[in-house]
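What follows is model20.txt (compact mmCIF, C-alpha atoms).
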```txt
# COMPACT_ATOMS: atom_id res chain seq x y z
CA MET A 1 0.46 -74.39 22.97
CA ASP A 2 1.85 -71.89 20.49
CA THR A 3 -0.47 -70.73 17.84
CA THR A 4 0.58 -68.93 14.74
CA GLN A 5 -1.73 -66.34 13.33
CA ILE A 6 -1.54 -66.05 9.61
CA THR A 7 -2.67 -62.72 8.20
CA ASP A 8 -2.88 -61.60 4.65
CA ALA A 9 -0.33 -58.95 3.82
CA PRO A 10 -1.77 -55.82 2.13
CA PRO A 11 -1.07 -55.65 -1.57
CA PRO A 12 1.73 -53.31 -2.57
CA THR A 13 0.67 -49.80 -3.57
CA PRO A 14 1.21 -49.27 -7.30
CA GLN A 15 3.72 -46.52 -8.00
CA PRO A 16 2.74 -43.84 -10.53
CA THR A 17 4.58 -43.86 -13.78
CA GLN A 18 6.96 -41.08 -14.76
CA ALA A 19 4.42 -39.64 -17.23
CA GLU A 20 1.75 -39.59 -14.53
CA GLN A 21 4.13 -37.84 -12.15
CA LYS A 22 4.85 -35.16 -14.75
CA ARG A 23 1.13 -34.62 -15.40
CA ALA A 24 0.45 -34.38 -11.66
CA ALA A 25 3.28 -31.87 -11.28
CA ARG A 26 1.76 -29.75 -14.02
CA GLY A 27 -1.60 -29.87 -12.21
CA ALA A 28 -3.55 -31.03 -15.28
CA THR A 29 -4.41 -34.74 -15.23
CA ARG A 30 -7.74 -34.60 -17.03
CA PRO A 31 -8.68 -33.23 -20.44
CA GLY A 32 -10.87 -30.55 -18.88
CA ASP A 33 -8.00 -29.43 -16.64
CA ARG A 34 -5.63 -29.23 -19.58
CA ILE A 35 -8.13 -27.22 -21.63
CA PHE A 36 -8.78 -24.80 -18.78
CA LEU A 37 -5.04 -24.47 -18.14
CA GLY A 38 -4.43 -23.67 -21.79
CA LEU A 39 -7.26 -21.13 -21.93
CA SER A 40 -6.21 -19.34 -18.77
CA ARG A 41 -2.56 -19.28 -19.80
CA GLY A 42 -3.49 -18.06 -23.27
CA SER A 43 -5.66 -15.31 -21.79
CA GLY A 44 -2.78 -14.06 -19.67
CA ILE A 45 -0.40 -14.09 -22.63
CA LEU A 46 -2.99 -12.34 -24.82
CA LEU A 47 -3.37 -9.58 -22.23
CA LEU A 48 0.40 -9.02 -22.20
CA VAL A 49 0.47 -8.96 -26.00
CA ILE A 50 -2.33 -6.37 -26.11
CA MET A 51 -0.56 -4.17 -23.55
CA ALA A 52 2.68 -4.43 -25.48
CA ALA A 53 0.91 -3.59 -28.76
CA ILE A 54 -0.66 -0.50 -27.18
CA ALA A 55 2.71 0.60 -25.81
CA VAL A 56 4.43 0.10 -29.17
CA PHE A 57 1.71 2.00 -31.05
CA LEU A 58 1.74 4.93 -28.63
CA THR A 59 5.54 5.07 -28.58
CA TYR A 60 5.80 5.02 -32.38
CA ARG A 61 3.24 7.76 -32.97
CA ALA A 62 4.61 9.82 -30.07
CA SER A 63 8.14 9.65 -31.43
CA ILE A 64 6.95 11.12 -34.74
CA ALA A 65 5.34 14.10 -33.01
CA ILE A 66 8.13 14.74 -30.49
CA SER A 67 10.76 14.69 -33.27
CA LYS A 68 8.99 17.67 -34.91
CA ASP A 69 8.34 19.60 -31.69
CA GLU A 70 10.38 22.79 -31.38
CA ALA A 71 9.48 23.25 -27.70
CA ASN A 72 10.42 21.04 -24.77
CA PHE A 73 7.71 18.39 -24.67
CA PHE A 74 7.90 17.94 -20.89
CA THR A 75 8.24 21.56 -19.74
CA ALA A 76 6.56 23.78 -22.35
CA PHE A 77 3.47 25.77 -21.29
CA GLU A 78 1.81 25.89 -24.70
CA TRP A 79 -0.01 23.62 -27.11
CA ASN A 80 -0.02 24.83 -30.68
CA THR A 81 0.46 22.13 -33.29
CA GLN A 82 -0.65 24.45 -36.11
CA LEU A 83 2.49 26.58 -35.95
CA ILE A 84 5.36 26.02 -38.34
CA PRO A 85 7.34 24.61 -36.64
CA PRO A 86 4.88 23.25 -34.03
CA LYS A 87 5.32 23.89 -30.33
CA PHE A 88 3.57 21.87 -27.65
CA GLY A 89 4.27 20.54 -24.16
CA ILE A 90 2.58 18.65 -21.34
CA ALA A 91 3.65 20.59 -18.25
CA VAL A 92 0.21 22.10 -17.67
CA LEU A 93 -1.58 18.84 -18.48
CA ALA A 94 0.57 16.77 -16.13
CA PHE A 95 0.14 19.31 -13.33
CA GLY A 96 -3.64 19.48 -13.76
CA THR A 97 -4.09 15.72 -13.99
CA ILE A 98 -2.06 15.03 -10.86
CA VAL A 99 -3.51 17.89 -8.80
CA SER A 100 -7.15 17.13 -9.63
CA SER A 101 -6.61 13.43 -8.89
CA ILE A 102 -4.95 14.18 -5.55
CA ILE A 103 -7.86 16.43 -4.56
CA ALA A 104 -10.34 13.74 -5.57
CA MET A 105 -8.53 11.04 -3.60
CA ALA A 106 -8.12 13.23 -0.52
CA ILE A 107 -11.88 13.81 -0.45
CA ALA A 108 -13.20 10.46 -1.63
CA VAL A 109 -11.07 7.86 0.19
CA PRO A 110 -11.86 8.87 3.81
CA ILE A 111 -15.57 9.31 3.03
CA ALA A 112 -15.75 6.02 1.13
CA VAL A 113 -14.05 4.05 3.92
CA ALA A 114 -16.32 5.67 6.50
CA ILE A 115 -19.42 4.77 4.47
CA ALA A 116 -18.20 1.19 4.02
CA LEU A 117 -17.58 0.81 7.76
CA PHE A 118 -20.98 2.29 8.54
CA LEU A 119 -22.76 -0.11 6.19
CA THR A 120 -20.92 -3.19 7.46
CA HIS A 121 -20.61 -2.53 11.21
CA TYR A 122 -23.04 0.16 12.32
CA ALA A 123 -26.12 0.44 10.11
CA PRO A 124 -29.01 -2.02 10.62
CA ARG A 125 -29.64 -4.38 7.73
CA ARG A 126 -32.88 -2.68 6.68
CA LEU A 127 -30.95 0.58 6.30
CA SER A 128 -27.65 -0.70 4.87
CA GLY A 129 -29.38 -2.50 1.99
CA PRO A 130 -31.06 0.57 0.43
CA ILE A 131 -27.97 2.73 0.94
CA ALA A 132 -25.75 0.13 -0.74
CA TYR A 133 -28.24 -0.10 -3.61
CA VAL A 134 -28.15 3.67 -4.15
CA ILE A 135 -24.33 3.64 -4.13
CA ASP A 136 -24.34 0.87 -6.74
CA LEU A 137 -26.61 3.04 -8.90
CA LEU A 138 -24.21 5.99 -8.59
CA ALA A 139 -21.41 3.82 -9.97
CA ALA A 140 -23.47 3.21 -13.12
CA VAL A 141 -24.15 6.89 -13.93
CA PRO A 142 -22.41 7.89 -17.21
CA SER A 143 -19.61 10.42 -17.09
CA ILE A 144 -21.41 12.95 -19.28
CA VAL A 145 -24.32 12.99 -16.84
CA TYR A 146 -21.91 13.83 -14.03
CA GLY A 147 -20.42 16.52 -16.24
CA LEU A 148 -23.78 18.11 -16.99
CA TRP A 149 -24.73 18.01 -13.31
CA GLY A 150 -21.40 19.58 -12.42
CA ALA A 151 -21.77 22.38 -14.98
CA LEU A 152 -25.42 23.19 -14.21
CA ILE A 153 -25.65 22.50 -10.47
CA LEU A 154 -22.22 22.19 -8.86
CA VAL A 155 -20.43 25.15 -10.46
CA PRO A 156 -23.15 27.77 -9.68
CA HIS A 157 -23.23 26.66 -6.03
CA MET A 158 -19.46 26.77 -5.43
CA ASN A 159 -19.31 30.53 -4.85
CA GLY A 160 -20.11 30.20 -1.16
CA LEU A 161 -17.38 27.61 -0.57
CA TYR A 162 -14.88 29.62 -2.58
CA GLY A 163 -15.70 32.76 -0.62
CA TRP A 164 -15.27 30.94 2.70
CA LEU A 165 -11.93 29.47 1.63
CA ASN A 166 -10.75 32.87 0.45
CA ASP A 167 -11.75 34.53 3.72
CA TYR A 168 -10.11 32.03 6.05
CA LEU A 169 -7.39 30.36 3.96
CA GLY A 170 -6.72 32.91 1.25
CA TRP A 171 -3.52 33.98 3.02
CA THR A 172 -1.94 30.68 1.93
CA GLY A 173 -2.17 31.64 -1.73
CA ILE A 174 -3.48 28.19 -2.62
CA PHE A 175 -7.04 29.16 -1.71
CA SER A 176 -7.08 32.79 -2.78
CA TRP A 177 -9.98 33.69 -5.07
CA GLN A 178 -10.23 36.55 -7.56
CA GLN A 179 -14.03 36.28 -7.87
CA GLY A 180 -13.77 34.44 -11.18
CA ALA A 181 -16.02 31.63 -12.37
CA PRO A 182 -15.51 28.56 -10.16
CA ARG A 183 -14.42 26.38 -13.07
CA SER A 184 -11.11 25.50 -11.50
CA MET A 185 -9.09 22.50 -10.35
CA LEU A 186 -10.84 22.41 -6.99
CA THR A 187 -14.25 22.08 -8.65
CA VAL A 188 -12.89 19.36 -10.93
CA GLY A 189 -11.41 17.55 -7.93
CA ILE A 190 -14.72 17.65 -6.06
CA LEU A 191 -16.59 16.34 -9.10
CA LEU A 192 -14.05 13.53 -9.57
CA ALA A 193 -14.36 12.67 -5.88
CA ILE A 194 -18.12 12.24 -6.30
CA MET A 195 -17.54 10.05 -9.34
CA ILE A 196 -15.00 7.69 -7.76
CA LEU A 197 -16.74 7.52 -4.38
CA PRO A 198 -19.08 4.61 -5.35
CA ILE A 199 -16.18 2.51 -6.69
CA ILE A 200 -14.07 2.83 -3.55
CA THR A 201 -17.09 2.36 -1.29
CA ASN A 202 -18.32 -0.82 -2.98
CA VAL A 203 -14.94 -2.55 -3.02
CA SER A 204 -14.13 -1.51 0.55
CA ARG A 205 -17.53 -2.71 1.74
CA GLU A 206 -16.98 -6.17 0.25
CA VAL A 207 -13.50 -6.34 1.79
CA PHE A 208 -14.78 -5.43 5.26
CA ARG A 209 -17.46 -8.09 4.97
CA GLN A 210 -14.76 -10.73 4.59
CA VAL A 211 -13.23 -10.04 8.00
CA PRO A 212 -13.28 -13.36 9.95
CA GLN A 213 -15.97 -13.27 12.59
CA MET A 214 -13.67 -14.88 15.14
CA HIS A 215 -11.30 -11.90 14.89
CA GLU A 216 -14.03 -9.50 15.90
CA GLU A 217 -15.39 -11.81 18.56
CA ALA A 218 -11.92 -12.25 20.04
CA ALA A 219 -11.47 -8.48 20.27
CA LEU A 220 -14.90 -8.08 21.88
CA ALA A 221 -14.08 -10.87 24.36
CA LEU A 222 -11.00 -8.92 25.41
CA GLY A 223 -13.19 -5.92 26.23
CA ALA A 224 -12.66 -3.85 23.09
CA THR A 225 -15.23 -1.28 22.06
CA ARG A 226 -16.76 -1.31 18.59
CA TRP A 227 -14.33 1.32 17.36
CA GLU A 228 -11.38 -0.62 18.84
CA VAL A 229 -12.61 -3.75 17.03
CA ILE A 230 -12.61 -1.81 13.77
CA ARG A 231 -9.19 -0.30 14.45
CA MET A 232 -7.50 -3.53 15.58
CA ALA A 233 -9.26 -6.20 13.51
CA VAL A 234 -11.21 -4.76 10.57
CA LEU A 235 -8.88 -2.08 9.20
CA PRO A 236 -5.67 -4.19 9.33
CA PHE A 237 -7.49 -7.03 7.58
CA GLY A 238 -8.91 -4.81 4.86
CA ARG A 239 -5.93 -2.50 4.36
CA SER A 240 -4.77 -4.12 1.13
CA GLY A 241 -8.32 -4.18 -0.20
CA VAL A 242 -8.82 -0.50 0.56
CA ILE A 243 -5.56 0.32 -1.23
CA SER A 244 -6.71 -1.67 -4.25
CA ALA A 245 -10.08 0.09 -4.21
CA SER A 246 -8.34 3.46 -4.01
CA MET A 247 -6.18 2.60 -7.00
CA LEU A 248 -9.29 1.70 -9.00
CA GLY A 249 -10.78 5.07 -8.14
CA LEU A 250 -7.53 6.83 -8.94
CA GLY A 251 -7.44 5.15 -12.34
CA ARG A 252 -10.84 6.61 -13.18
CA ALA A 253 -9.86 10.02 -11.86
CA LEU A 254 -6.69 10.09 -13.97
CA GLY A 255 -8.49 9.14 -17.16
CA GLU A 256 -11.80 10.96 -16.75
CA THR A 257 -12.63 12.93 -19.88
CA MET A 258 -16.11 14.32 -20.51
CA ALA A 259 -16.93 15.39 -16.95
CA VAL A 260 -13.69 17.36 -16.69
CA ALA A 261 -14.13 18.87 -20.15
CA THR A 262 -17.64 20.03 -19.24
CA VAL A 263 -16.70 21.66 -15.93
CA LEU A 264 -13.18 23.01 -16.41
CA SER A 265 -12.30 26.30 -18.08
CA PRO A 266 -9.05 25.16 -19.76
CA SER A 267 -6.00 27.28 -20.38
CA PHE A 268 -2.34 26.48 -20.81
CA ASP A 269 -1.04 28.08 -17.65
CA ILE A 270 -0.55 26.89 -14.09
CA GLN A 271 -2.43 28.89 -11.47
CA ALA A 272 -0.96 29.24 -7.99
CA SER A 273 -4.47 29.09 -6.51
CA LEU A 274 -6.71 26.06 -6.83
CA LEU A 275 -9.71 28.41 -7.03
CA ASP A 276 -8.69 30.32 -10.16
CA PRO A 277 -10.00 29.02 -13.50
CA GLY A 278 -7.50 27.48 -15.85
CA GLY A 279 -5.31 24.44 -16.29
CA GLY A 280 -6.11 21.19 -18.02
CA THR A 281 -5.74 17.42 -17.91
CA PHE A 282 -4.50 14.86 -20.39
CA ALA A 283 -7.88 13.28 -21.05
CA GLN A 284 -9.70 16.63 -21.27
CA ASN A 285 -7.15 18.01 -23.73
CA ILE A 286 -7.36 14.93 -25.97
CA ALA A 287 -11.17 15.02 -26.01
CA SER A 288 -11.40 18.72 -26.78
CA LYS A 289 -8.70 18.92 -29.48
CA PHE A 290 -8.81 15.55 -31.24
CA GLY A 291 -11.70 16.37 -33.58
CA GLU A 292 -10.06 19.45 -35.11
CA ALA A 293 -6.44 18.28 -34.96
CA SER A 294 -4.30 17.67 -38.01
CA GLU A 295 -2.28 14.48 -38.45
CA LEU A 296 0.62 15.97 -36.51
CA GLY A 297 -1.81 17.26 -33.90
CA ARG A 298 -3.24 13.78 -33.43
CA ASP A 299 0.27 12.39 -33.03
CA ALA A 300 0.94 15.05 -30.41
CA LEU A 301 -2.23 14.09 -28.55
CA ILE A 302 -1.16 10.44 -28.75
CA ALA A 303 2.16 11.46 -27.22
CA SER A 304 0.33 13.02 -24.29
CA GLY A 305 -1.74 9.84 -24.04
CA LEU A 306 1.49 7.86 -23.79
CA VAL A 307 2.52 9.95 -20.78
CA LEU A 308 -0.86 9.26 -19.15
CA PHE A 309 -0.39 5.56 -19.95
CA VAL A 310 3.00 5.56 -18.20
CA ILE A 311 1.62 7.46 -15.19
CA THR A 312 -1.17 4.89 -14.84
CA LEU A 313 1.31 2.01 -14.98
CA LEU A 314 3.52 3.67 -12.36
CA VAL A 315 0.55 4.25 -10.06
CA ASN A 316 -0.56 0.63 -10.33
CA GLY A 317 3.00 -0.58 -9.80
CA ALA A 318 3.33 1.55 -6.69
CA ALA A 319 0.04 0.15 -5.39
CA ARG A 320 1.29 -3.41 -5.94
CA MET A 321 4.48 -2.61 -4.02
CA ILE A 322 2.50 -1.15 -1.11
CA ILE A 323 0.24 -4.20 -0.97
CA ALA A 324 3.21 -6.56 -1.14
CA ARG A 325 4.95 -4.77 1.73
CA ARG A 326 1.81 -5.11 3.85
CA LYS A 327 0.90 -8.66 2.85
CA GLU A 328 1.20 -9.84 6.45
CA TYR A 329 -1.94 -7.80 7.18
CA SER A 330 -3.93 -9.03 4.19
CA GLY A 331 -6.98 -11.19 4.50
CA ALA A 332 -5.31 -14.04 2.66
CA ASN A 333 -2.91 -14.49 5.55
CA ALA A 334 -5.46 -14.06 8.31
```
Would you mind giving the structure from this file in structure tokens?
Amino acid sequence: MDTTQITDAPPPTPQPTQAEQKRAARGATRPGDRIFLGLSRGSGILLLVIMAAIAVFLTYRASIAISKDEANFFTAFEWNTQLIPPKFGIAVLAFGTIVSSIIAMAIAVPIAVAIALFLTHYAPRRLSGPIAYVIDLLAAVPSIVYGLWGALILVPHMNGLYGWLNDYLGWTGIFSWQQGAPRSMLTVGILLAIMILPIITNVSREVFRQVPQMHEEAALALGATRWEVIRMAVLPFGRSGVISASMLGLGRALGETMAVATVLSPSFDIQASLLDPGGGTFAQNIASKFGEASELGRDALIASGLVLFVITLLVNGAARMIIARRKEYSGANA
């Protein structure tokens, strides 16, 4: 005997309306979502407006000063805004800013990465905690304190290092020393390296902590040593983070003011040796001359600040390009 089973058909699924589809596409279907979307979007737009306002202000004031400058603003080796007509240029400032920052990065980045790896993969927890705490404290020390320490402690104790460099590397010309006061670009670079070391270390340490545990365990299961685990799993994962940390440190090194002004013996000439006193940086020159500058002098200092502003933007843009080219190694894609 045939039997017919009667089952209830499921009710049809209601289709969303066109307005609901548009709201879902925008990602804001609730009042709280719409408010948060508006606030976040407004914050991003406000940041762009502030950056544009700064750029317009610096460009306007710089154009006034450069139009009255009788020297070449980019190549002149003098800064005298009191002359009639005034003559000033940024060649020495650009050279000193870039050289001191390169020295600081060359010293700080390898040491910071090594400390971060030690704290995350070698040191026991009872030791890594206090060391990390001390590094965090170093990041909070004001710049003027670093400057006073550099002037009173670092500079008097640099004679031995300068003498050693002169004895063994003086033939290069870069490390020749004329027995002058060690208030030079090398001393400034070492002081800047100490200042940016906590920033790079802290960020790198947090990046290395985010390495997936299964990556390290897989490398260990294949017979890798601890160093091979770091080289094959940890460093590729944290490469973008280390680059970002380095750019943060470089930003502070480029714009550091009081510490450099306290340690450096400024002069508007470029020394062939890193050990000879002299030179200057953008931030140091602005801090030391702004108080006594005339209106034209302040415009000239603003013009030099515009150059520093552009250099900072270029550095950050280059860092973004490097990170984008190496995005396949980033932790987000792991």
ask   = How many Å separate atom CA of Ser101 of chain A from atom CA of Ile230 of chain A?
value = 28.0 Å
task = Take atom CA of Arg61 of chain A and atom CA of Ile90 of chain A and report the distance between them in Å, one decimal.
result =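 We find that atom CA of Arg61 of chain A and atom CA of Ile90 of chain A lie 15.9 Å from each other.
For the pair atom CA of Ser63 of chain A and atom CA of Leu47 of chain A, the separation is 24.2 Å.
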message = Env of segment 194-198 of chain A: 6 Å cut, atoms = all atoms listed in the file, seq-sep filter 2 positions within chain, self excluded. Answer as JSON, numbers by chain.
response = {"A": [108, 112, 135, 139, 191, 192, 200, 201, 202, 249]}
key: Counting all atoms listed in the file, the option among A:Gln82, A:Thr120, A:Thr312, A:Ser128 closest to Glu206 of chain A   = A:Thr120
inquiry  = Measuring between all atoms listed in the file, which one of A:Arg34, A:Lys87, A:His121, A:Lys68 shows the shortest distance to Trp227 of chain A?
reply    = A:His121
task = Select, from A:Ala318, A:Glu217, A:Arg30, A:Thr257, the residue with the minimum atom-to-atom distance to Gly147 of chain A, counting all atoms listed in the file.
result =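 Ranking A:Ala318, A:Glu217, A:Arg30, A:Thr257 by distance to Gly147 of chain A, first place goes to A:Thr257.
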key: For Arg226 of chain A: contacts at 12 Å, all atoms listed in the file, fewer than 4 positions along chain excluded, given as a PyMOL selection string   = chain A and resi 117-118+121-122+216-217+219-222+230-234
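When all atoms listed in the file are used to compute distances to Pro86 of chain A, the closest of the residues A:Leu296, A:Val242, A:Leu313, A:Leu119 turns out to be A:Leu296.
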request  = With a distance cut-off of 10 Å and all atoms listed in the file, select the neighbouring residues of segment 290-293 of chain A, excluding the residue or stretch itself and same-chain residues fewer than 6 positions from it, and output the selection as a list in words.
outcome  = Thr81, Gln82, Asp299, Ala300, Leu301 and Ile302 of chain A
message = So, with all atoms listed in the file as the atoms that count, which of A:Ser288, A:Val188, A:Ala283, A:Thr262 lies closest to Ile102 of chain A?
response = A:Val188
request  = Write out as a list in words each polymer residue whose atoms come within 10 Å of Gly238 of chain A, counting only C-alpha atoms; drop sequence neighbours fewer than 4 positions from it.
outcome  = Ser204, Arg205, Glu206, Val207, Phe208, Arg209, Gln210, Val211, Ala233, Val234, Val242, Ile243, Ser244, Tyr329, Ser330 and Gly331 of chain A
ask   = Between A:Ala224, A:Ala272, A:Ile35, A:Ala303, which is the closest to Gln178 of chain A once you count all atoms listed in the file?
value =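 Checking each candidate against Gln178 of chain A, we get A:Ala272 as the closest.
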